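Student: This is entry26.cif, which holds mmCIF, N, CA and C atoms:
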data_coords
loop_
_atom_site.label_atom_id
_atom_site.label_comp_id
_atom_site.auth_asym_id
_atom_site.auth_seq_id
_atom_site.Cartn_x
_atom_site.Cartn_y
_atom_site.Cartn_z
N MET R 1 -163.97 63.39 167.23
CA MET R 1 -162.87 63.69 168.09
C MET R 1 -161.76 62.67 167.85
N LYS R 2 -160.56 63.17 167.64
CA LYS R 2 -159.43 62.30 167.38
C LYS R 2 -158.84 61.80 168.69
N ARG R 3 -158.43 60.57 168.66
CA ARG R 3 -157.83 59.98 169.83
C ARG R 3 -156.32 59.92 169.61
N LYS R 4 -155.54 60.41 170.57
CA LYS R 4 -154.09 60.41 170.44
C LYS R 4 -153.54 59.06 170.89
N LEU R 5 -152.67 58.54 170.08
CA LEU R 5 -152.01 57.29 170.43
C LEU R 5 -150.77 57.62 171.26
N GLY R 6 -150.45 56.72 172.15
CA GLY R 6 -149.24 56.93 172.93
C GLY R 6 -149.53 56.89 174.41
N ARG R 7 -148.84 57.71 175.12
CA ARG R 7 -148.87 57.66 176.57
C ARG R 7 -150.10 58.36 177.14
N HIS R 8 -150.74 57.66 178.06
CA HIS R 8 -151.88 58.25 178.75
C HIS R 8 -151.41 58.68 180.12
N PRO R 9 -151.92 59.79 180.61
CA PRO R 9 -151.49 60.26 181.93
C PRO R 9 -151.82 59.23 183.01
N GLY R 10 -150.82 58.96 183.87
CA GLY R 10 -151.03 58.06 184.99
C GLY R 10 -150.89 56.60 184.66
N SER R 11 -150.49 56.28 183.47
CA SER R 11 -150.36 54.89 183.07
C SER R 11 -148.99 54.36 183.51
N VAL R 12 -148.99 53.33 184.37
CA VAL R 12 -147.74 52.75 184.86
C VAL R 12 -147.03 51.99 183.76
N ARG R 13 -147.81 51.33 182.94
CA ARG R 13 -147.24 50.54 181.85
C ARG R 13 -146.46 51.43 180.89
N ASP R 14 -146.99 52.57 180.58
CA ASP R 14 -146.31 53.48 179.66
C ASP R 14 -145.07 54.07 180.29
N ASP R 15 -145.07 54.29 181.62
CA ASP R 15 -143.88 54.82 182.30
C ASP R 15 -142.73 53.82 182.23
N ARG R 16 -143.04 52.54 182.41
CA ARG R 16 -141.99 51.52 182.32
C ARG R 16 -141.45 51.43 180.90
N SER R 17 -142.30 51.46 179.93
CA SER R 17 -141.82 51.37 178.55
C SER R 17 -141.02 52.61 178.17
N LEU R 18 -141.41 53.77 178.68
CA LEU R 18 -140.64 54.99 178.41
C LEU R 18 -139.27 54.91 179.06
N ARG R 19 -139.21 54.42 180.32
CA ARG R 19 -137.92 54.26 180.99
C ARG R 19 -137.02 53.27 180.25
N LYS R 20 -137.61 52.18 179.81
CA LYS R 20 -136.85 51.18 179.06
C LYS R 20 -136.34 51.77 177.75
N PHE R 21 -137.16 52.54 177.07
CA PHE R 21 -136.75 53.19 175.83
C PHE R 21 -135.59 54.14 176.08
N LYS R 22 -135.68 54.93 177.16
CA LYS R 22 -134.61 55.88 177.48
C LYS R 22 -133.31 55.16 177.80
N GLN R 23 -133.39 54.07 178.56
CA GLN R 23 -132.19 53.30 178.89
C GLN R 23 -131.57 52.68 177.64
N GLU R 24 -132.41 52.16 176.77
CA GLU R 24 -131.91 51.56 175.53
C GLU R 24 -131.27 52.61 174.65
N GLN R 25 -131.86 53.80 174.59
CA GLN R 25 -131.30 54.89 173.80
C GLN R 25 -129.96 55.33 174.38
N LEU R 26 -129.87 55.42 175.71
CA LEU R 26 -128.63 55.80 176.36
C LEU R 26 -127.54 54.75 176.11
N ARG R 27 -127.93 53.48 176.14
CA ARG R 27 -126.97 52.41 175.88
C ARG R 27 -126.44 52.49 174.46
N ARG R 28 -127.31 52.75 173.50
CA ARG R 28 -126.89 52.85 172.11
C ARG R 28 -125.97 54.04 171.88
N GLU R 29 -126.30 55.16 172.50
CA GLU R 29 -125.50 56.37 172.30
C GLU R 29 -124.15 56.27 172.98
N SER R 30 -124.08 55.61 174.13
CA SER R 30 -122.81 55.53 174.85
C SER R 30 -121.94 54.39 174.37
N GLY R 31 -122.51 53.43 173.65
CA GLY R 31 -121.74 52.31 173.14
C GLY R 31 -121.52 51.22 174.16
N ARG R 32 -122.18 51.28 175.30
CA ARG R 32 -122.01 50.25 176.33
C ARG R 32 -122.76 48.99 175.93
N LYS R 33 -122.24 47.87 176.38
CA LYS R 33 -122.91 46.59 176.15
C LYS R 33 -123.43 46.12 177.51
N THR R 34 -124.70 46.23 177.70
CA THR R 34 -125.25 45.91 179.02
C THR R 34 -125.76 44.48 179.11
N HIS R 35 -125.76 43.74 178.03
CA HIS R 35 -126.32 42.40 178.06
C HIS R 35 -125.23 41.33 178.13
N GLU R 36 -124.07 41.67 178.70
CA GLU R 36 -122.98 40.71 178.81
C GLU R 36 -122.86 40.24 180.25
N GLU R 37 -122.27 39.07 180.41
CA GLU R 37 -122.02 38.56 181.74
C GLU R 37 -120.83 39.29 182.33
N TYR R 38 -120.88 39.54 183.63
CA TYR R 38 -119.74 40.17 184.28
C TYR R 38 -118.60 39.17 184.46
N ALA R 39 -118.91 37.89 184.59
CA ALA R 39 -117.88 36.87 184.79
C ALA R 39 -117.07 36.66 183.52
N ALA R 40 -117.51 37.13 182.40
CA ALA R 40 -116.78 36.95 181.16
C ALA R 40 -115.45 37.70 181.20
N GLU R 41 -115.32 38.69 182.06
CA GLU R 41 -114.07 39.41 182.18
C GLU R 41 -112.98 38.54 182.80
N LEU R 42 -113.36 37.56 183.58
CA LEU R 42 -112.40 36.73 184.29
C LEU R 42 -112.03 35.47 183.54
N THR R 43 -112.79 35.11 182.52
CA THR R 43 -112.54 33.87 181.80
C THR R 43 -111.55 34.09 180.68
N TYR R 44 -111.02 32.98 180.16
CA TYR R 44 -110.09 33.03 179.04
C TYR R 44 -110.87 33.41 177.78
N PRO R 45 -110.36 34.34 176.96
CA PRO R 45 -111.13 34.77 175.80
C PRO R 45 -111.35 33.68 174.76
N GLY R 46 -110.43 32.72 174.65
CA GLY R 46 -110.61 31.63 173.70
C GLY R 46 -111.40 30.50 174.34
N GLY R 47 -112.23 29.83 173.56
CA GLY R 47 -113.07 28.81 174.15
C GLY R 47 -112.49 27.41 174.08
N SER R 48 -111.80 27.07 173.02
CA SER R 48 -111.35 25.70 172.86
C SER R 48 -109.84 25.63 172.86
N ARG R 49 -109.31 24.40 172.86
CA ARG R 49 -107.86 24.22 172.84
C ARG R 49 -107.24 24.75 171.56
N GLN R 50 -107.96 24.62 170.44
CA GLN R 50 -107.40 25.08 169.19
C GLN R 50 -107.19 26.59 169.23
N GLU R 51 -108.18 27.31 169.75
CA GLU R 51 -108.04 28.76 169.84
C GLU R 51 -106.95 29.12 170.83
N LYS R 52 -106.88 28.38 171.93
CA LYS R 52 -105.89 28.66 172.96
C LYS R 52 -104.49 28.46 172.42
N SER R 53 -104.25 27.36 171.69
CA SER R 53 -102.92 27.12 171.15
C SER R 53 -102.58 28.13 170.07
N ARG R 54 -103.59 28.58 169.33
CA ARG R 54 -103.34 29.58 168.30
C ARG R 54 -102.99 30.92 168.92
N VAL R 55 -103.64 31.26 170.01
CA VAL R 55 -103.38 32.53 170.67
C VAL R 55 -102.03 32.53 171.35
N MET R 56 -101.62 31.38 171.93
CA MET R 56 -100.38 31.32 172.68
C MET R 56 -99.15 31.30 171.79
N GLN R 57 -99.29 31.00 170.50
CA GLN R 57 -98.13 30.92 169.64
C GLN R 57 -97.58 32.31 169.36
N PRO R 58 -96.26 32.45 169.42
CA PRO R 58 -95.68 33.76 169.14
C PRO R 58 -95.79 34.11 167.66
N VAL R 59 -95.69 35.39 167.38
CA VAL R 59 -95.79 35.88 166.01
C VAL R 59 -94.40 36.20 165.51
N ALA R 60 -94.05 35.69 164.35
CA ALA R 60 -92.75 35.96 163.74
C ALA R 60 -92.93 36.99 162.64
N VAL R 61 -92.01 37.94 162.58
CA VAL R 61 -92.06 38.98 161.55
C VAL R 61 -91.02 38.62 160.49
N THR R 62 -91.45 38.54 159.24
CA THR R 62 -90.53 38.20 158.15
C THR R 62 -89.81 39.46 157.67
N GLU R 63 -88.92 39.28 156.68
CA GLU R 63 -88.13 40.40 156.19
C GLU R 63 -88.98 41.49 155.54
N ASN R 64 -90.06 41.09 154.87
CA ASN R 64 -90.88 42.10 154.20
C ASN R 64 -91.93 42.71 155.13
N GLY R 65 -91.90 42.38 156.41
CA GLY R 65 -92.80 43.00 157.38
C GLY R 65 -94.08 42.21 157.64
N ALA R 66 -94.30 41.12 156.92
CA ALA R 66 -95.52 40.34 157.13
C ALA R 66 -95.37 39.50 158.40
N GLN R 67 -96.48 39.35 159.11
CA GLN R 67 -96.46 38.58 160.35
C GLN R 67 -96.96 37.17 160.07
N GLU R 68 -96.25 36.20 160.60
CA GLU R 68 -96.64 34.80 160.44
C GLU R 68 -96.68 34.16 161.82
N GLN R 69 -97.52 33.13 161.96
CA GLN R 69 -97.56 32.38 163.20
C GLN R 69 -96.32 31.49 163.26
N ALA R 70 -95.56 31.60 164.33
CA ALA R 70 -94.38 30.77 164.50
C ALA R 70 -94.81 29.44 165.12
N GLU R 71 -94.25 28.37 164.63
CA GLU R 71 -94.55 27.05 165.18
C GLU R 71 -93.74 26.86 166.45
N THR R 72 -94.42 26.62 167.54
CA THR R 72 -93.76 26.35 168.81
C THR R 72 -93.82 24.85 169.05
N SER R 73 -92.67 24.21 169.13
CA SER R 73 -92.63 22.78 169.32
C SER R 73 -92.08 22.47 170.70
N TYR R 74 -92.75 21.58 171.38
CA TYR R 74 -92.30 21.13 172.69
C TYR R 74 -91.82 19.68 172.60
N ARG R 75 -91.33 19.30 171.45
CA ARG R 75 -90.83 17.94 171.25
C ARG R 75 -89.63 17.67 172.15
N TRP R 76 -88.80 18.69 172.38
CA TRP R 76 -87.63 18.53 173.24
C TRP R 76 -88.04 18.11 174.65
N LEU R 77 -89.16 18.62 175.11
CA LEU R 77 -89.63 18.27 176.45
C LEU R 77 -90.06 16.81 176.50
N GLY R 78 -90.71 16.35 175.46
CA GLY R 78 -91.12 14.94 175.38
C GLY R 78 -89.93 14.01 175.33
N TYR R 79 -88.92 14.36 174.53
CA TYR R 79 -87.73 13.51 174.45
C TYR R 79 -86.94 13.52 175.75
N THR R 80 -86.87 14.66 176.40
CA THR R 80 -86.19 14.73 177.70
C THR R 80 -86.89 13.84 178.72
N ALA R 81 -88.20 13.89 178.75
CA ALA R 81 -88.95 13.05 179.67
C ALA R 81 -88.77 11.57 179.34
N LEU R 82 -88.71 11.24 178.06
CA LEU R 82 -88.51 9.84 177.66
C LEU R 82 -87.13 9.33 178.06
N VAL R 83 -86.10 10.16 177.87
CA VAL R 83 -84.75 9.77 178.27
C VAL R 83 -84.68 9.58 179.78
N LEU R 84 -85.30 10.48 180.54
CA LEU R 84 -85.30 10.34 181.99
C LEU R 84 -86.04 9.09 182.44
N SER R 85 -87.12 8.75 181.75
CA SER R 85 -87.87 7.56 182.15
C SER R 85 -87.09 6.29 181.85
N ILE R 86 -86.32 6.27 180.77
CA ILE R 86 -85.48 5.11 180.48
C ILE R 86 -84.32 5.02 181.48
N LEU R 87 -83.73 6.17 181.83
CA LEU R 87 -82.67 6.17 182.84
C LEU R 87 -83.20 5.75 184.21
N ALA R 88 -84.47 5.97 184.46
CA ALA R 88 -85.06 5.61 185.75
C ALA R 88 -85.06 4.10 185.97
N TRP R 89 -84.96 3.33 184.90
CA TRP R 89 -84.89 1.87 185.05
C TRP R 89 -83.55 1.44 185.64
N PHE R 90 -82.51 2.28 185.46
CA PHE R 90 -81.16 1.89 185.88
C PHE R 90 -80.62 2.74 187.03
N LEU R 91 -80.95 4.01 187.09
CA LEU R 91 -80.41 4.91 188.11
C LEU R 91 -81.54 5.68 188.81
N TYR R 92 -81.50 5.72 190.11
CA TYR R 92 -82.41 6.54 190.91
C TYR R 92 -83.86 6.49 190.44
N PRO R 93 -84.51 5.35 190.51
CA PRO R 93 -85.87 5.25 189.98
C PRO R 93 -86.88 6.14 190.69
N ALA R 94 -86.70 6.39 191.97
CA ALA R 94 -87.66 7.24 192.68
C ALA R 94 -87.59 8.67 192.17
N LEU R 95 -86.39 9.18 192.00
CA LEU R 95 -86.22 10.56 191.56
C LEU R 95 -86.50 10.72 190.06
N LEU R 96 -85.85 9.91 189.25
CA LEU R 96 -85.99 10.05 187.80
C LEU R 96 -87.36 9.59 187.29
N GLY R 97 -87.95 8.57 187.93
CA GLY R 97 -89.27 8.09 187.51
C GLY R 97 -90.36 9.12 187.74
N SER R 98 -90.32 9.73 188.92
CA SER R 98 -91.35 10.76 189.20
C SER R 98 -91.12 12.01 188.35
N THR R 99 -89.85 12.38 188.15
CA THR R 99 -89.55 13.56 187.32
C THR R 99 -89.97 13.34 185.87
N SER R 100 -89.69 12.14 185.35
CA SER R 100 -90.06 11.86 183.96
C SER R 100 -91.58 11.79 183.79
N ALA R 101 -92.28 11.27 184.80
CA ALA R 101 -93.74 11.24 184.72
C ALA R 101 -94.30 12.66 184.72
N LEU R 102 -93.72 13.53 185.52
CA LEU R 102 -94.19 14.92 185.58
C LEU R 102 -93.88 15.67 184.29
N LEU R 103 -92.65 15.50 183.77
CA LEU R 103 -92.31 16.14 182.50
C LEU R 103 -93.12 15.57 181.34
N GLY R 104 -93.41 14.26 181.42
CA GLY R 104 -94.26 13.65 180.40
C GLY R 104 -95.66 14.21 180.43
N LEU R 105 -96.16 14.50 181.61
CA LEU R 105 -97.49 15.12 181.73
C LEU R 105 -97.48 16.52 181.11
N PHE R 106 -96.42 17.28 181.36
CA PHE R 106 -96.31 18.61 180.75
C PHE R 106 -96.24 18.51 179.23
N ALA R 107 -95.44 17.55 178.74
CA ALA R 107 -95.33 17.38 177.29
C ALA R 107 -96.67 16.97 176.69
N TYR R 108 -97.40 16.11 177.39
CA TYR R 108 -98.72 15.69 176.91
C TYR R 108 -99.66 16.88 176.83
N MET R 109 -99.64 17.72 177.84
CA MET R 109 -100.54 18.88 177.86
C MET R 109 -100.14 19.93 176.82
N LEU R 110 -98.88 19.99 176.45
CA LEU R 110 -98.43 20.98 175.47
C LEU R 110 -98.47 20.48 174.04
N GLY R 111 -99.01 19.28 173.83
CA GLY R 111 -99.25 18.85 172.46
C GLY R 111 -98.47 17.63 172.00
N GLU R 112 -97.42 17.25 172.70
CA GLU R 112 -96.65 16.07 172.33
C GLU R 112 -97.27 14.86 173.01
N ARG R 113 -98.37 14.38 172.46
CA ARG R 113 -99.19 13.36 173.12
C ARG R 113 -98.49 12.01 173.23
N SER R 114 -97.90 11.51 172.16
CA SER R 114 -97.33 10.16 172.21
C SER R 114 -96.08 10.12 173.08
N LEU R 115 -95.18 11.10 172.92
CA LEU R 115 -93.98 11.13 173.76
C LEU R 115 -94.34 11.29 175.23
N GLY R 116 -95.31 12.14 175.51
CA GLY R 116 -95.74 12.35 176.89
C GLY R 116 -96.34 11.09 177.49
N THR R 117 -97.16 10.39 176.73
CA THR R 117 -97.79 9.16 177.23
C THR R 117 -96.74 8.09 177.51
N TRP R 118 -95.80 7.88 176.59
CA TRP R 118 -94.76 6.89 176.80
C TRP R 118 -93.90 7.25 178.01
N SER R 119 -93.58 8.52 178.17
CA SER R 119 -92.76 8.94 179.31
C SER R 119 -93.48 8.70 180.63
N ILE R 120 -94.76 9.01 180.66
CA ILE R 120 -95.53 8.80 181.89
C ILE R 120 -95.58 7.32 182.24
N VAL R 121 -95.90 6.49 181.26
CA VAL R 121 -96.05 5.05 181.51
C VAL R 121 -94.72 4.42 181.95
N ILE R 122 -93.64 4.68 181.23
CA ILE R 122 -92.35 4.08 181.56
C ILE R 122 -91.84 4.60 182.91
N GLY R 123 -92.00 5.89 183.16
CA GLY R 123 -91.56 6.44 184.45
C GLY R 123 -92.34 5.89 185.62
N LEU R 124 -93.65 5.73 185.47
CA LEU R 124 -94.46 5.18 186.57
C LEU R 124 -94.18 3.69 186.78
N ILE R 125 -93.88 2.95 185.72
CA ILE R 125 -93.51 1.53 185.88
C ILE R 125 -92.19 1.43 186.64
N ALA R 126 -91.21 2.28 186.31
CA ALA R 126 -89.93 2.28 187.02
C ALA R 126 -90.14 2.65 188.49
N LEU R 127 -91.00 3.61 188.75
CA LEU R 127 -91.27 4.04 190.12
C LEU R 127 -91.98 2.93 190.91
N ALA R 128 -92.96 2.30 190.30
CA ALA R 128 -93.68 1.21 190.98
C ALA R 128 -92.75 0.02 191.21
N GLY R 129 -91.90 -0.29 190.25
CA GLY R 129 -90.95 -1.38 190.43
C GLY R 129 -89.99 -1.12 191.56
N TYR R 130 -89.58 0.13 191.71
CA TYR R 130 -88.69 0.49 192.82
C TYR R 130 -89.38 0.24 194.16
N PHE R 131 -90.61 0.71 194.30
CA PHE R 131 -91.29 0.57 195.58
C PHE R 131 -91.71 -0.87 195.87
N ILE R 132 -91.82 -1.71 194.85
CA ILE R 132 -92.14 -3.12 195.07
C ILE R 132 -90.88 -3.93 195.37
N LEU R 133 -89.78 -3.65 194.66
CA LEU R 133 -88.56 -4.45 194.81
C LEU R 133 -87.69 -4.06 196.01
N VAL R 134 -87.69 -2.82 196.42
CA VAL R 134 -86.84 -2.40 197.54
C VAL R 134 -87.21 -3.13 198.83
N PRO R 135 -88.48 -3.30 199.19
CA PRO R 135 -88.78 -4.05 200.43
C PRO R 135 -88.37 -5.51 200.35
N LEU R 136 -88.31 -6.10 199.15
CA LEU R 136 -87.91 -7.49 199.03
C LEU R 136 -86.41 -7.68 199.31
N TYR R 137 -85.58 -6.68 198.98
CA TYR R 137 -84.15 -6.79 199.20
C TYR R 137 -83.76 -6.39 200.62
N ALA R 138 -84.56 -5.64 201.30
CA ALA R 138 -84.20 -5.16 202.64
C ALA R 138 -84.44 -6.15 203.73
#
What is this file in structure tokens?
Tutor:
Amino acid sequence: MKRKLGRHPGSVRDDRSLRKFKQEQLRRESGRKTHEEYAAELTYPGGSRQEKSRVMQPVAVTENGAQEQAETSYRWLGYTALVLSILAWFLYPALLGSTSALLGLFAYMLGERSLGTWSIVIGLIALAGYFILVPLYA
């Protein structure tokens, strides 16, 4: 007498495997991806800063129709913050010092690291000097 391989009547284990097989077959046929995190929809698609900066750069179209990555430079922001931080030593240190530190932080975050760092340091020194020296003169 031949014994049939496969599902035996009343077997719970075989019912689960059959259900799993049917779900897997349905997933393959429909093209759905069921093994992904739902929170991945809310996160940024790029993982690192390099990918993020590459994605954020605008695309320039040349005359022959080819697309190239355009270089976006925020050097102007760093120089503006540096000029404001130097002016903060002479004029309105509370206003210009805090503004230059904030713009320096933005420049630092956008890639102009050295200009941003210098702007933050000089602006905060001007701001601290203002708050230390004003009570001495009053």
Student: Translate the PyMOL selection byres ((chain R and resi 109-118) around 8) into a concrete residue list for this structure, as a VMD selection string.
Tutor: chain R and resid 73 to 75 77 to 79 81 to 82 85 100 to 101 103 to 108 119 to 124
Student: Work out how far apart CA of Ile86 (chain R) and atom C of Ile125 (chain R) are and give it in Å to one decimal.
Tutor: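 Spanning CA of Ile86 (chain R) to atom C of Ile125 (chain R) is a straight-line distance of 9.8 Å.
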Student: Work out how far CA of Ala126 (chain R) is from CA of Tyr92 (chain R), in Å to one decimal.
Tutor: 9.5 Å
Student: Calculate how many Å separate CA of Ala94 (chain R) from atom N of Trp76 (chain R), rounding to one decimal.
Tutor: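 Pair CA of Ala94 (chain R) / atom N of Trp76 (chain R) returns 23.3 Å.
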